[in-house]
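What's in start25.txt: compact mmCIF, C-alpha atoms
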```
# COMPACT_ATOMS: atom_id res chain seq x y z
CA ALA Z 47 -9.71 -0.98 -1.44
CA GLU Z 48 -9.62 -3.22 -4.54
CA ASN Z 49 -12.98 -2.18 -6.04
CA SER Z 50 -11.49 0.28 -8.54
CA TYR Z 51 -7.80 -0.54 -8.17
CA PHE Z 52 -7.08 0.41 -11.77
CA LEU Z 53 -7.19 4.12 -10.83
CA PRO Z 54 -4.86 4.17 -7.79
CA GLU Z 55 -2.40 1.85 -9.57
CA PHE Z 56 -2.34 4.21 -12.56
CA PHE Z 57 -1.70 7.23 -10.34
CA ALA Z 58 1.02 5.37 -8.43
CA SER Z 59 2.70 4.48 -11.73
CA HIS Z 60 2.97 8.24 -12.37
CA GLY Z 61 4.67 8.89 -9.05
CA TRP Z 62 1.69 9.79 -6.87
CA ILE Z 63 1.34 8.53 -3.30
CA VAL Z 64 -1.98 6.71 -3.07
CA ILE Z 65 -4.07 5.40 -0.19
CA ALA Z 66 -6.94 3.02 -1.01
CA ALA Z 67 -9.31 2.32 1.86
CA ASP Z 68 -11.30 -0.60 3.12
CA HIS Z 69 -14.16 1.13 4.94
CA THR Z 70 -14.74 -1.05 7.99
CA GLY Z 71 -18.26 -2.48 7.83
CA ASN Z 72 -18.69 -1.54 4.15
CA THR Z 73 -16.21 -3.53 2.05
CA VAL Z 74 -16.76 -5.39 -1.25
CA GLU Z 75 -17.27 -8.60 0.73
CA GLN Z 76 -20.13 -6.90 2.58
CA MET Z 77 -21.76 -5.28 -0.45
CA ASN Z 78 -25.04 -7.16 0.03
CA ALA Z 79 -25.12 -6.78 3.81
CA PRO Z 80 -27.23 -4.10 5.53
CA VAL Z 81 -25.28 -0.85 5.90
CA ASP Z 82 -25.54 1.02 9.17
CA ASN Z 83 -26.80 4.56 8.63
CA SER Z 84 -23.77 5.98 10.42
CA MET Z 85 -21.64 4.85 7.46
CA TYR Z 86 -22.71 8.08 5.72
CA ALA Z 87 -20.60 9.90 8.30
CA TYR Z 88 -17.90 7.26 8.85
CA ARG Z 89 -16.82 7.12 5.21
CA PRO Z 90 -15.72 10.77 4.85
CA GLN Z 91 -14.26 10.59 8.35
CA ASP Z 92 -12.18 7.63 7.12
CA VAL Z 93 -10.80 9.85 4.36
CA SER Z 94 -9.64 12.47 6.84
CA ALA Z 95 -8.21 9.77 9.13
CA MET Z 96 -6.14 8.39 6.25
CA ILE Z 97 -4.64 11.81 5.53
CA ASP Z 98 -3.91 12.18 9.25
CA HIS Z 99 -2.18 8.78 9.20
CA LEU Z 100 0.01 9.77 6.26
CA GLU Z 101 1.03 12.97 8.02
CA ALA Z 102 1.94 11.06 11.19
CA LEU Z 103 4.19 8.39 9.62
CA GLY Z 104 7.38 7.85 11.58
CA SER Z 105 10.78 8.63 10.12
CA GLU Z 106 11.44 4.92 9.61
CA ASN Z 107 8.63 4.74 7.05
CA PRO Z 108 9.82 5.26 3.44
CA LEU Z 109 6.83 7.52 2.75
CA ALA Z 110 7.43 9.78 5.76
CA ASN Z 111 7.40 13.45 4.73
CA LYS Z 112 7.10 12.50 1.05
CA ALA Z 113 3.49 13.63 0.54
CA ASP Z 114 2.17 17.16 0.24
CA THR Z 115 -0.95 16.52 2.31
CA ALA Z 116 -2.10 20.09 1.81
CA LYS Z 117 -2.98 19.10 -1.77
CA VAL Z 118 -5.00 15.90 -1.75
CA VAL Z 119 -7.19 14.46 -4.52
CA VAL Z 120 -9.99 12.10 -3.47
CA SER Z 121 -11.93 9.72 -5.70
CA GLY Z 122 -14.47 6.94 -5.28
CA HIS Z 123 -17.15 4.92 -7.05
CA SER Z 124 -20.90 4.92 -6.30
CA TYR Z 125 -21.05 5.13 -2.49
CA GLY Z 126 -17.45 6.22 -2.80
CA GLY Z 127 -18.69 8.96 -5.12
CA TYR Z 128 -20.92 10.15 -2.28
CA THR Z 129 -17.91 9.96 0.02
CA THR Z 130 -15.83 12.00 -2.42
CA LEU Z 131 -18.42 14.76 -2.71
CA VAL Z 132 -18.98 15.02 1.04
CA SER Z 133 -15.23 15.08 1.67
CA CYS Z 134 -15.05 17.99 -0.78
CA GLY Z 135 -17.39 20.08 1.36
CA VAL Z 136 -21.09 19.33 0.86
CA SER Z 137 -23.17 21.23 3.40
CA PHE Z 138 -26.15 19.57 5.10
CA ASP Z 139 -29.37 21.26 6.17
CA THR Z 140 -29.99 18.78 8.95
CA GLU Z 141 -33.22 20.37 10.17
CA THR Z 142 -34.80 19.92 6.75
CA LEU Z 143 -33.37 16.40 6.45
CA MET Z 144 -34.78 15.41 9.83
CA ALA Z 145 -38.18 16.84 8.90
CA GLN Z 146 -38.16 14.95 5.59
CA CYS Z 147 -37.24 11.72 7.32
CA GLU Z 148 -39.93 12.15 9.99
CA ALA Z 149 -42.50 12.86 7.26
CA GLY Z 150 -41.42 9.79 5.30
CA GLU Z 151 -40.26 11.94 2.39
CA GLY Z 152 -36.51 11.32 2.62
CA ALA Z 153 -34.43 8.50 1.14
CA LYS Z 154 -35.13 5.42 3.26
CA LYS Z 155 -31.51 4.24 3.26
CA PHE Z 156 -30.39 7.59 4.64
CA CYS Z 157 -33.30 8.15 7.03
CA ASP Z 158 -33.24 4.78 8.80
CA GLY Z 159 -31.59 5.50 12.12
CA PHE Z 160 -30.94 9.18 11.40
CA ASN Z 161 -30.87 10.80 14.84
CA ASP Z 162 -29.74 13.91 16.69
CA ASP Z 163 -26.20 12.58 17.18
CA LEU Z 164 -25.72 11.99 13.47
CA ALA Z 165 -27.36 15.30 12.65
CA ALA Z 166 -24.78 17.07 14.83
CA VAL Z 167 -21.94 15.38 12.93
CA PHE Z 168 -23.36 16.44 9.57
CA SER Z 169 -24.07 19.96 10.79
CA ALA Z 170 -20.44 20.34 11.84
CA GLY Z 171 -19.37 19.43 8.31
CA LEU Z 172 -17.40 16.50 6.94
CA GLY Z 173 -15.30 18.29 4.34
CA ASP Z 174 -11.52 18.27 4.69
CA PRO Z 175 -9.63 21.48 3.80
CA ARG Z 176 -6.62 19.45 2.64
CA ILE Z 177 -8.61 18.13 -0.32
CA VAL Z 178 -8.14 20.28 -3.44
CA ALA Z 179 -9.93 18.15 -6.07
CA GLY Z 180 -12.56 15.42 -6.18
CA ILE Z 181 -13.27 12.77 -8.82
CA PRO Z 182 -16.56 10.95 -8.04
CA MET Z 183 -17.26 8.04 -10.40
CA ALA Z 184 -20.92 7.11 -10.98
CA PRO Z 185 -22.25 8.82 -7.83
CA GLY Z 186 -25.99 8.40 -7.42
CA ASP Z 187 -28.38 11.34 -7.25
CA SER Z 188 -29.63 11.81 -3.72
CA SER Z 189 -32.28 14.12 -2.32
CA TYR Z 190 -30.19 14.45 0.85
CA LEU Z 191 -27.02 15.37 -1.05
CA SER Z 192 -27.91 17.62 -3.98
CA PRO Z 193 -29.14 20.69 -2.05
CA GLY Z 194 -25.78 21.11 -0.34
CA LEU Z 195 -23.60 20.60 -3.40
CA GLY Z 196 -23.69 24.30 -4.17
CA ALA Z 197 -21.35 24.80 -1.21
CA VAL Z 198 -18.61 22.69 -2.81
CA GLU Z 199 -15.85 25.05 -3.92
CA VAL Z 200 -13.28 22.31 -4.49
CA PRO Z 201 -13.04 21.44 -8.22
CA VAL Z 202 -15.03 18.29 -8.97
CA MET Z 203 -14.84 16.08 -12.06
CA GLN Z 204 -17.95 13.89 -12.16
CA ILE Z 205 -17.42 10.79 -14.33
CA VAL Z 206 -20.59 8.92 -15.34
CA GLY Z 207 -21.77 6.22 -17.73
CA GLY Z 208 -24.67 6.67 -20.15
CA LEU Z 209 -25.85 3.11 -19.51
CA ASP Z 210 -25.75 3.33 -15.73
CA GLY Z 211 -28.90 1.44 -14.78
CA GLY Z 212 -28.85 -0.68 -17.92
CA SER Z 213 -30.54 1.61 -20.42
CA PRO Z 214 -29.57 4.74 -22.38
CA ALA Z 215 -29.81 7.63 -19.95
CA ASP Z 216 -28.10 10.84 -20.94
CA GLY Z 217 -29.48 12.36 -17.76
CA VAL Z 218 -27.78 9.94 -15.37
CA GLY Z 219 -26.21 11.91 -12.54
CA ASP Z 220 -27.85 15.14 -13.69
CA GLY Z 221 -29.10 16.04 -10.22
CA ILE Z 222 -25.57 16.22 -8.88
CA TRP Z 223 -24.22 18.03 -11.93
CA GLU Z 224 -26.98 20.64 -11.87
CA ALA Z 225 -26.45 21.27 -8.15
CA LEU Z 226 -22.72 21.95 -8.47
CA VAL Z 227 -21.94 25.65 -8.88
CA GLY Z 228 -18.82 27.14 -10.45
CA SER Z 229 -16.66 26.95 -13.56
CA GLN Z 230 -14.12 24.81 -11.69
CA HIS Z 231 -16.34 21.74 -12.13
CA ALA Z 232 -16.30 19.27 -15.04
CA ARG Z 233 -18.33 16.27 -16.18
CA VAL Z 234 -17.19 13.29 -18.25
CA HIS Z 235 -20.07 11.30 -19.78
CA ILE Z 236 -19.06 7.97 -21.37
CA ALA Z 237 -21.98 6.92 -23.57
CA THR Z 238 -21.81 3.11 -23.25
CA ALA Z 239 -20.34 2.75 -19.76
CA GLY Z 240 -22.43 1.20 -17.00
CA HIS Z 241 -22.35 1.46 -13.24
CA GLN Z 242 -19.79 -1.32 -12.74
CA SER Z 243 -17.68 -0.14 -15.67
CA PHE Z 244 -15.76 2.02 -13.19
CA THR Z 245 -14.84 -1.00 -11.06
CA VAL Z 246 -13.10 -4.34 -11.66
CA MET Z 247 -16.30 -6.30 -11.00
CA CYS Z 248 -16.77 -7.27 -14.66
CA GLU Z 249 -13.24 -8.68 -14.65
CA TRP Z 250 -13.62 -10.52 -11.36
CA PHE Z 251 -17.21 -11.73 -11.72
CA PRO Z 252 -18.04 -12.04 -15.46
CA GLY Z 253 -21.73 -12.66 -16.06
CA VAL Z 254 -22.81 -11.62 -12.57
CA PHE Z 255 -23.54 -7.95 -13.22
CA ASP Z 256 -25.99 -6.75 -15.88
CA ASP Z 257 -23.74 -3.93 -17.08
CA CYS Z 258 -20.87 -6.15 -18.20
CA GLY Z 259 -22.48 -7.45 -21.42
CA ASP Z 260 -22.02 -6.84 -25.12
CA ASP Z 261 -23.97 -3.57 -25.07
CA PHE Z 262 -21.38 -1.99 -22.81
CA MET Z 263 -17.93 -0.65 -23.59
CA ASP Z 264 -15.22 -3.02 -22.44
CA SER Z 265 -14.38 -2.07 -18.87
CA GLU Z 266 -10.66 -1.86 -19.59
CA GLU Z 267 -11.39 0.83 -22.18
CA VAL Z 268 -13.56 2.70 -19.66
CA HIS Z 269 -10.65 2.48 -17.23
CA ARG Z 270 -8.29 3.95 -19.84
CA ILE Z 271 -10.61 6.89 -20.45
CA THR Z 272 -11.20 7.42 -16.73
CA ASN Z 273 -7.49 7.30 -15.95
CA THR Z 274 -6.70 9.84 -18.65
CA TYR Z 275 -9.25 12.43 -17.53
CA ALA Z 276 -8.64 11.84 -13.82
CA LEU Z 277 -4.88 12.26 -14.05
CA ALA Z 278 -5.22 15.38 -16.21
CA PHE Z 279 -7.69 16.89 -13.71
CA ALA Z 280 -5.43 16.07 -10.78
CA ARG Z 281 -2.29 17.38 -12.48
CA HIS Z 282 -4.04 20.62 -13.34
CA HIS Z 283 -5.38 21.29 -9.83
CA VAL Z 284 -2.50 19.90 -7.76
CA LEU Z 285 0.56 20.59 -9.90
CA ASP Z 286 -0.74 23.63 -11.82
CA ASP Z 287 0.08 21.73 -15.02
CA GLY Z 288 -1.05 23.79 -18.00
CA GLY Z 289 -0.04 21.08 -20.43
CA VAL Z 290 -3.21 19.08 -19.76
CA VAL Z 291 -5.66 21.90 -20.51
CA GLY Z 292 -6.41 20.45 -23.95
CA VAL Z 293 -7.77 17.29 -22.34
CA LEU Z 294 -9.87 19.25 -19.87
CA ASP Z 295 -11.39 21.69 -22.36
CA GLY Z 296 -12.09 19.05 -25.01
CA THR Z 297 -9.56 20.31 -27.53
CA VAL Z 298 -7.85 16.91 -27.30
CA GLU Z 299 -10.35 14.12 -27.97
CA ILE Z 300 -9.71 11.07 -25.83
CA ASP Z 301 -12.57 8.95 -27.15
CA PRO Z 302 -15.55 9.72 -29.42
CA SER Z 303 -17.94 8.19 -26.88
CA VAL Z 304 -17.13 10.94 -24.36
CA THR Z 305 -19.16 14.10 -23.86
CA LEU Z 306 -17.18 16.61 -21.82
CA LEU Z 307 -19.05 19.40 -20.03
CA ARG Z 308 -17.78 22.36 -18.06
CA LYS Z 309 -19.80 24.63 -15.82
CA PRO Z 310 -20.21 28.20 -17.11
```
Just give me the structure of the file as structure tokens.
Amino acid sequence: AENSYFLPEFFASHGWIVIAADHTGNTVEQMNAPVDNSMYAYRPQDVSAMIDHLEALGSENPLANKADTAKVVVSGHSYGGYTTLVSCGVSFDTETLMAQCEAGEGAKKFCDGFNDDLAAVFSAGLGDPRIVAGIPMAPGDSSYLSPGLGAVEVPVMQIVGGLDGGSPADGVGDGIWEALVGSQHARVHIATAGHQSFTVMCEWFPGVFDDCGDDFMDSEEVHRITNTYALAFARHHVLDDGGVVGVLDGTVEIDPSVTLLRKP
């Protein structure tokens, strides 16, 4: 829940109700531990369960009936970026995925333990109709994810860093961007941001991660840029705010290091 706390705190400071999750079995403390394959299904299910929880709050809770849960924005970093995209409605061709895994052609992390039970969960779909916008930060390209991204109708703003992986890479995240279909989608490319720039890891563990050095934009500045675009995107798609269009179409420059793309 604390991995990218700068974003939920910023939204909360603007009056939004925010839920930040610890995904049981896949927290920051467990980042180097083996991840059970079922986590690919559990994470988006956690998102839906959190919305359910908010809807079911008792009258004694100060947040009871305060949230419009028919208009939810979801965001996450890295694996949370995967979670965001799946929660927005990625479709899965499980027969092809199973065949790829059996042939040794699929992503090992995804294929290990992939079975009929999990395939049934993915086939049923993990998107939540209450989600109206998604903001994945530094989501990795995945052979098991990209083919189904064309089914995502929910507006997505993909935020990526040009130094994700430690070297200049204008094409980072291209697989996901190319697979998304529709003019509702946007992409924010921050030239000198790295993978951990969208977290608080550089602040908490200076010197531990490679993408927290002098070649990278200060993470607090990355957070400022991310907050600005994310809030504008959310306001536009949740509140129908036309006053933020200049940020979203590039008319208003937030930072010269940013390349903003929109789907045709």
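With only C-alpha atoms as the atoms that count, the minimum distance from Glu75 of chain Z to the choices Z:Leu307, Z:Ser105, Z:Ala116, Z:Met247 is reached by Z:Met247.
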Atom CA of Leu172 of chain Z to atom CA of Ser133 of chain Z, straight-line distance in Å: 5.9 Å
For atom CA of Met263 of chain Z and atom CA of Thr129 of chain Z, the interatomic separation in Å (one decimal): 25.9 Å
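Atom pair atom CA of Gly296 of chain Z / atom CA of Thr245 of chain Z: separated by 24.6 Å.
Distances here use only C-alpha atoms; by that measure, the residue among Z:Val118, Z:Val202, Z:Cys147, Z:Val227 closest to Gly180 of chain Z is Z:Val202.
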Contact residues around Ile205 of chain Z with only C-alpha atoms at 12 Å, ignoring same-chain residues under 6 positions, as an MDAnalysis selection string: chainID Z and resid 121:124 127 180:186 218:220 222:223 231:237 239:241 243:244 268:269 271:276 279 304:307
Neighbour list for Ala113 of chain Z as a PyMOL selection string, cut-off 10 Å, all atoms listed in the file, skip fewer than 3 positions in-chain: chain Z and resi 62-64+97+100-101+109-110+116-118
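Shortest atom-to-atom contact with Phe262 of chain Z among Z:Ser59, Z:Ser94, Z:His282, Z:Asp210: Z:Asp210, counting only C-alpha atoms.
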